[in-house]
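*Asks:* Dropping the structure in here first, questions after.
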Amino acid sequence: MLLKNQTCLITGASRGIGLAISTLFAQNGARVILTGRDNTRLNDVITTLPVFSLPHLSFTLDVTREAEIVQLFKHLHSENIYINCLVNNAGIMEDSTLQMVKPELIHRIYGTNVFGPIMASQYALKSLIKHRGGSIINLSSIIGTNGNSGQSIYGSSKSAIIGFTKSLSKELAPLNIRVNAIAPGFIDTDMTKGMNPRFYEKNLNAIGMKRIGTPLDVARVALFLASDLSEYVTGQTIGVDGGMII
Amino acid sequence: MENIEKLKNAFKESLGVDDSIIVDTLAYQSIPEWDSISHMVLISQIEEAFDITIETEDVIDLSSFAKAREIVSKYGIQC
């Protein structure tokens with residue numbers, strides 16, 4: 001029970017990596033607060049999670065909307081719910097060569113992948129300060145660490161989140177609040193399921209371990225970063241990519 | 001406890017300073033104890049003391065003890 005008596009808020013919790021993180025955290029004793037755009041789906045997820053302490057909660061949240069983030073944390077604080085861990089998982093990936101990029105695409109990707117995690121961290125900070133410690137985990141990507149053709153907007157948004165992680169970790173270290181990032185490689189999610197078979201095969205061949213990663217592979221690292229096992233780890237970006245080369 | 005005492009307590013606990021220096025003119029970064037890190041703790045202490053959520057604009061604006069009194073009054077707390 002690595003997260004006994006911990007309250008963890010996960011964005012984008014209804015599917016893929018967010019779902020795996022929510023499930024693994026709950027299995028490890030955490031009370032999880034699931035957020036996402038589809039509350040029906042979140043409520044379905046909640047029924048599948050084991051409960052070891054207080055009941056899990058779910059809230060509709062679009063991380064691009066500041067007012068919704070503010071409202072969520074105001075509500076949690078009014079209920080005396082103070083989180084120990086925030087997982088900024090919600091993200092979108094849309095590919096396009098730079099010449100074909102419309103400004104709306106840049107705003108959409110940066111709104112979800114950069115603005116959302118920054119705002120959520122700002123409001124979660126109050127909870128973490130109250131606990132005099134805690135963990136913020138940001139989901140980056142191998143595209144953020146290594147770059148990739150056709151992904152200059154997505155890749156740069158994921159690089160931005162690494163920069164955010166590094167600076168914030170230094171700012172919050174005196175308060176015993178740790179900030180780390182995870183950079184998944186090619187992971188079996190809805191995002192990759194719909195991929196062109198040729199592109200899928202190409203990605204698979206670039207992985208040293210010759211298998212696609214699972215959401216659970218990523219969730220295990222998130223569990224490490226949320227728990228006291230990583231109590232002296234901050235400002236790091238941990239790749240979960242099976243030795244993928246891009 | 002009176003509201004002004006609650007506010008002073010929040011300053012005292014978060015900055016680790018003596019009562020005697022908590023006066024209206026006490027300003028952010030005017031003493032080593034009130035730095036950017038303890039400012040974050042101070043905001044948290046004030047919120048907890050009065051059960052309020054301080055908006056980001058006010059967090060930035062809270063630059064002295066006098067200003068803190070003014071800001072909490074916006075949330076219905078008279079000091």
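Following the order of the structure tokens, chains are lettered A, B, ..., residues in each are numbered from 1, and ligands are numbered from 1.
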Looking only at strand (DSSP E or B) from DSSP on the backbone, list the matching residues of range 25-127 of chain A as an MDAnalysis selection string.
*Replies:* chainID A and resid 31:36 57:60 85:88
*Asks:* Taking C-alpha atoms for each residue, export the selection above as a PDB file, in the first residue's frame.
*Replies:*
```
ATOM      1  CA  ARG A  31      -8.303   8.033  -2.594  1.00  0.00           C
ATOM      2  CA  VAL A  32      -8.389   9.167  -6.207  1.00  0.00           C
ATOM      3  CA  ILE A  33     -10.096  12.201  -7.655  1.00  0.00           C
ATOM      4  CA  LEU A  34     -10.753  11.528 -11.301  1.00  0.00           C
ATOM      5  CA  THR A  35     -11.215  14.395 -13.703  1.00  0.00           C
ATOM      6  CA  GLY A  36     -11.988  14.477 -17.383  1.00  0.00           C
ATOM      7  CA  LEU A  57     -14.589  11.243  -6.495  1.00  0.00           C
ATOM      8  CA  SER A  58     -15.029  12.405 -10.055  1.00  0.00           C
ATOM      9  CA  PHE A  59     -15.436  15.852 -11.579  1.00  0.00           C
ATOM     10  CA  THR A  60     -15.973  17.101 -15.092  1.00  0.00           C
ATOM     11  CA  CYS A  85      -0.472  14.383  -5.416  1.00  0.00           C
ATOM     12  CA  LEU A  86      -1.453  15.889  -8.743  1.00  0.00           C
ATOM     13  CA  VAL A  87      -0.992  13.969 -11.979  1.00  0.00           C
ATOM     14  CA  ASN A  88      -1.192  16.258 -14.995  1.00  0.00           C
TER      15      ASN A  88
END
```
*Asks:* Would you pick out the contacts of Phe224 in chain A at 12 Å or less, using only C-alpha atoms, so that residues sharing its chain but fewer than 5 positions from it are not included, and give the list as a PDB file with N, CA and C atoms, in the first residue's frame?
*Replies:*
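Below is the file that was written, around.pdb:
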```
ATOM      1  N   MET A   1       0.832  -1.199   0.000  1.00  0.00           N
ATOM      2  CA  MET A   1       0.000   0.000   0.000  1.00  0.00           C
ATOM      3  C   MET A   1       0.874   1.260   0.000  1.00  0.00           C
ATOM      4  N   LEU A   2       1.415   1.579  -1.143  1.00  0.00           N
ATOM      5  CA  LEU A   2       2.367   2.695  -1.208  1.00  0.00           C
ATOM      6  C   LEU A   2       1.703   4.064  -1.043  1.00  0.00           C
ATOM      7  N   LEU A   3       0.395   4.134  -1.267  1.00  0.00           N
ATOM      8  CA  LEU A   3      -0.272   5.442  -1.208  1.00  0.00           C
ATOM      9  C   LEU A   3      -1.388   5.477  -0.164  1.00  0.00           C
ATOM     10  N   ILE A  21      -3.221   4.846 -14.325  1.00  0.00           N
ATOM     11  CA  ILE A  21      -2.663   5.504 -13.127  1.00  0.00           C
ATOM     12  C   ILE A  21      -3.719   5.525 -12.013  1.00  0.00           C
ATOM     13  N   LEU A  24      -4.105   1.961 -10.583  1.00  0.00           N
ATOM     14  CA  LEU A  24      -2.952   1.511  -9.782  1.00  0.00           C
ATOM     15  C   LEU A  24      -2.851   2.291  -8.468  1.00  0.00           C
ATOM     16  N   PHE A  25      -3.146   3.577  -8.524  1.00  0.00           N
ATOM     17  CA  PHE A  25      -3.118   4.396  -7.293  1.00  0.00           C
ATOM     18  C   PHE A  25      -4.185   3.901  -6.309  1.00  0.00           C
ATOM     19  N   ASN A  28      -3.322   0.853  -4.601  1.00  0.00           N
ATOM     20  CA  ASN A  28      -2.277   1.074  -3.604  1.00  0.00           C
ATOM     21  C   ASN A  28      -2.742   1.942  -2.441  1.00  0.00           C
ATOM     22  N   CYS A  85      -1.145  14.636  -4.134  1.00  0.00           N
ATOM     23  CA  CYS A  85      -0.472  14.383  -5.416  1.00  0.00           C
ATOM     24  C   CYS A  85      -1.360  14.824  -6.572  1.00  0.00           C
ATOM     25  N   SER A 135       3.553  15.641  -4.273  1.00  0.00           N
ATOM     26  CA  SER A 135       4.177  15.317  -5.558  1.00  0.00           C
ATOM     27  C   SER A 135       3.314  15.802  -6.719  1.00  0.00           C
ATOM     28  N   ILE A 136       3.964  16.451  -7.665  1.00  0.00           N
ATOM     29  CA  ILE A 136       3.300  16.810  -8.924  1.00  0.00           C
ATOM     30  C   ILE A 136       3.974  15.988 -10.016  1.00  0.00           C
ATOM     31  N   ILE A 137       3.161  15.307 -10.801  1.00  0.00           N
ATOM     32  CA  ILE A 137       3.707  14.466 -11.875  1.00  0.00           C
ATOM     33  C   ILE A 137       3.133  14.963 -13.206  1.00  0.00           C
ATOM     34  N   ASN A 180       8.059  16.123 -10.926  1.00  0.00           N
ATOM     35  CA  ASN A 180       8.764  15.289 -11.893  1.00  0.00           C
ATOM     36  C   ASN A 180       7.915  15.084 -13.136  1.00  0.00           C
ATOM     37  N   ALA A 181       8.573  14.619 -14.177  1.00  0.00           N
ATOM     38  CA  ALA A 181       7.850  14.348 -15.427  1.00  0.00           C
ATOM     39  C   ALA A 181       8.114  12.915 -15.878  1.00  0.00           C
ATOM     40  N   ILE A 182       7.167  12.395 -16.636  1.00  0.00           N
ATOM     41  CA  ILE A 182       7.327  11.082 -17.266  1.00  0.00           C
ATOM     42  C   ILE A 182       7.251  11.299 -18.771  1.00  0.00           C
ATOM     43  N   ASP A 217       2.750   0.167 -17.718  1.00  0.00           N
ATOM     44  CA  ASP A 217       4.195   0.468 -17.652  1.00  0.00           C
ATOM     45  C   ASP A 217       4.399   1.912 -17.173  1.00  0.00           C
ATOM     46  N   VAL A 218       3.569   2.803 -17.679  1.00  0.00           N
ATOM     47  CA  VAL A 218       3.682   4.227 -17.313  1.00  0.00           C
ATOM     48  C   VAL A 218       3.158   4.444 -15.892  1.00  0.00           C
ATOM     49  N   ALA A 219       2.049   3.778 -15.587  1.00  0.00           N
ATOM     50  CA  ALA A 219       1.429   3.953 -14.262  1.00  0.00           C
ATOM     51  C   ALA A 219       2.378   3.541 -13.140  1.00  0.00           C
ATOM     52  N   LEU A 229       8.786   6.298  -2.079  1.00  0.00           N
ATOM     53  CA  LEU A 229       9.951   5.627  -2.680  1.00  0.00           C
ATOM     54  C   LEU A 229      10.827   6.638  -3.416  1.00  0.00           C
ATOM     55  N   SER A 230      10.217   7.715  -3.857  1.00  0.00           N
ATOM     56  CA  SER A 230      10.971   8.730  -4.613  1.00  0.00           C
ATOM     57  C   SER A 230      11.110  10.029  -3.812  1.00  0.00           C
ATOM     58  N   GLU A 231      11.169   9.901  -2.500  1.00  0.00           N
ATOM     59  CA  GLU A 231      11.123  11.116  -1.672  1.00  0.00           C
ATOM     60  C   GLU A 231      12.303  12.076  -1.892  1.00  0.00           C
ATOM     61  N   TYR A 232      13.389  11.604  -2.517  1.00  0.00           N
ATOM     62  CA  TYR A 232      14.538  12.486  -2.767  1.00  0.00           C
ATOM     63  C   TYR A 232      14.714  12.740  -4.272  1.00  0.00           C
ATOM     64  N   VAL A 233      13.648  12.523  -5.021  1.00  0.00           N
ATOM     65  CA  VAL A 233      13.714  12.679  -6.483  1.00  0.00           C
ATOM     66  C   VAL A 233      12.841  13.865  -6.886  1.00  0.00           C
ATOM     67  N   THR A 234      13.437  14.857  -7.500  1.00  0.00           N
ATOM     68  CA  THR A 234      12.638  15.979  -8.004  1.00  0.00           C
ATOM     69  C   THR A 234      13.326  16.620  -9.208  1.00  0.00           C
ATOM     70  N   ILE A 238      11.528  11.024 -16.427  1.00  0.00           N
ATOM     71  CA  ILE A 238      11.830   9.596 -16.549  1.00  0.00           C
ATOM     72  C   ILE A 238      11.189   9.045 -17.831  1.00  0.00           C
TER      73      ILE A 238
END
```
*Asks:* So which one's closest to Leu19 in chain A, A:Asn148, A:Thr165, A:Ser121, A:Thr189? Using only C-alpha atoms, please.
*Replies:* A:Thr189
*Asks:* Write out as a tab-separated table a residue-level contact list of chain B versus chain A with cut-off 10 Å: for each qualifying residue the closest pair of atoms and the distance in Å to one decimal, counting only C-alpha atoms, rows sorted by chain and residue number upward.
*Replies:*
```
residue	atom	partner	partner_atom	distance
B:Ser36	CA	A:Glu171	CA	9.1
B:Ile37	CA	A:Pro174	CA	7.5
B:Ser38	CA	A:Leu175	CA	9.0
B:Met40	CA	A:Ile129	CA	7.6
B:Val41	CA	A:Ile129	CA	6.4
B:Leu42	CA	A:Ile129	CA	9.7
B:Ile43	CA	A:Lys126	CA	8.2
B:Ser44	CA	A:Lys126	CA	5.9
B:Gln45	CA	A:Lys130	CA	7.9
B:Glu47	CA	A:Lys126	CA	9.0
B:Glu48	CA	A:Lys130	CA	8.5
B:Asp51	CA	A:Ser78	CA	7.7
B:Ile52	CA	A:Ser78	CA	8.2
B:Thr53	CA	A:Lys74	CA	6.6
B:Ile54	CA	A:Lys74	CA	9.6
B:Glu55	CA	A:Val70	CA	8.9
B:Thr56	CA	A:Gln122	CA	9.0
```
*Asks:* Could you turn the residues from that selection into a file that holds C-alpha atoms, as a PDB file, in the first residue's frame?
*Replies:*
```pdb
ATOM      1  CA  SER B  36       8.845  34.162  -2.114  1.00  0.00           C
ATOM      2  CA  ILE B  37       8.795  30.723  -0.469  1.00  0.00           C
ATOM      3  CA  SER B  38       7.308  31.820   2.852  1.00  0.00           C
ATOM      4  CA  MET B  40       3.322  30.741  -0.488  1.00  0.00           C
ATOM      5  CA  VAL B  41       3.025  29.344   3.031  1.00  0.00           C
ATOM      6  CA  LEU B  42       1.543  32.631   4.259  1.00  0.00           C
ATOM      7  CA  ILE B  43      -1.216  32.533   1.655  1.00  0.00           C
ATOM      8  CA  SER B  44      -2.022  28.983   2.661  1.00  0.00           C
ATOM      9  CA  GLN B  45      -2.124  29.942   6.361  1.00  0.00           C
ATOM     10  CA  GLU B  47      -6.763  30.750   3.651  1.00  0.00           C
ATOM     11  CA  GLU B  48      -6.863  28.137   6.358  1.00  0.00           C
ATOM     12  CA  ASP B  51     -11.604  29.325   5.368  1.00  0.00           C
ATOM     13  CA  ILE B  52     -11.315  31.304   2.146  1.00  0.00           C
ATOM     14  CA  THR B  53      -9.672  30.791  -1.245  1.00  0.00           C
ATOM     15  CA  ILE B  54      -7.569  33.763  -2.254  1.00  0.00           C
ATOM     16  CA  GLU B  55      -7.613  34.612  -5.957  1.00  0.00           C
ATOM     17  CA  THR B  56      -4.306  34.721  -7.827  1.00  0.00           C
TER      18      THR B  56
END
```
*Asks:* Using only C-alpha atoms for the distances, tell me which of A:Val221, A:Leu49, A:Leu42, A:Ile153 is nearest to Glu94 in chain A.
*Replies:* A:Ile153
*Asks:* So that I can check the surroundings of Gly208 in chain A, please list as a count of residues only every protein, DNA and RNA residue that reaches within 7 Å of it, counting only C-alpha atoms and ignoring chain neighbours fewer than 6 positions away.
*Replies:* 3
*Asks:* What is the CA of Ile71 in chain B-CA of Phe50 in chain B distance in Å, reported with one decimal?
*Replies:*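 So the answer is 12.0 Å.
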*Asks:* Name all residues at most 12 Å from Ile77 in chain B (count only C-alpha atoms; drop same-chain ones fewer than 2 positions away) and give them as a list in words.
*Replies:*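 Returned residues: Glu2, Asn3, Ile4, Lys6, Leu7, Ile46, Glu47, Ala49, Phe50, Asp51, Ile52, Ala68, Arg69, Glu70, Ile71, Val72, Ser73, Lys74, Tyr75 and Cys79 of chain B.
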*Asks:* Could you check how far CA of Asp95 in chain A sits from CA of Gly155 in chain A, in Å to one decimal?
*Replies:*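 Between these atoms lies a distance of 9.5 Å.
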*Asks:* Between B:Phe65, B:Ala27, B:Pro32, B:Asp58, which has the minimum distance to Asn9 in chain B (counting only C-alpha atoms)?
*Replies:*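 Looking only at the distances to Asn9 in chain B, the closest residue turns out to be B:Phe65.
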*Asks:* Looking only at helix (DSSP H, G or I) from DSSP on the backbone, list the matching residues of chain B as a count of residues only.
*Replies:* 47
*Asks:* Taking only C-alpha atoms into account, which of B:Lys8, B:Trp34, B:Glu57, B:Met1 comes nearest Ile22 in chain B?
*Replies:*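 Comparing B:Lys8, B:Trp34, B:Glu57, B:Met1 against Ile22 in chain B, the winner is B:Lys8.
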*Asks:* List as an MDAnalysis selection string the protein and nucleic acid residues near Thr25 in chain B, meaning an atom at most 9 Å away when only C-alpha atoms are counted, but skip any in the same chain fewer than 4 places from it.
*Replies:* chainID B and resid 21 64:66
*Asks:* Hey, what's within 10 Å of Arg65 in chain A if we count only C-alpha atoms and toss same-chain stuff fewer than 2 positions away? As a PyMOL selection string, please?
*Replies:* chain A and resi 61-63+67-70+111-112+115-116+119
*Asks:* Env of Gln151 in chain A: 12 Å cut, atoms = only C-alpha atoms, seq-sep filter 5 positions within chain, self excluded. Answer as an MDAnalysis selection string.
*Replies:* chainID A and resid 92:101 105:106 109 141:144 146 156:159
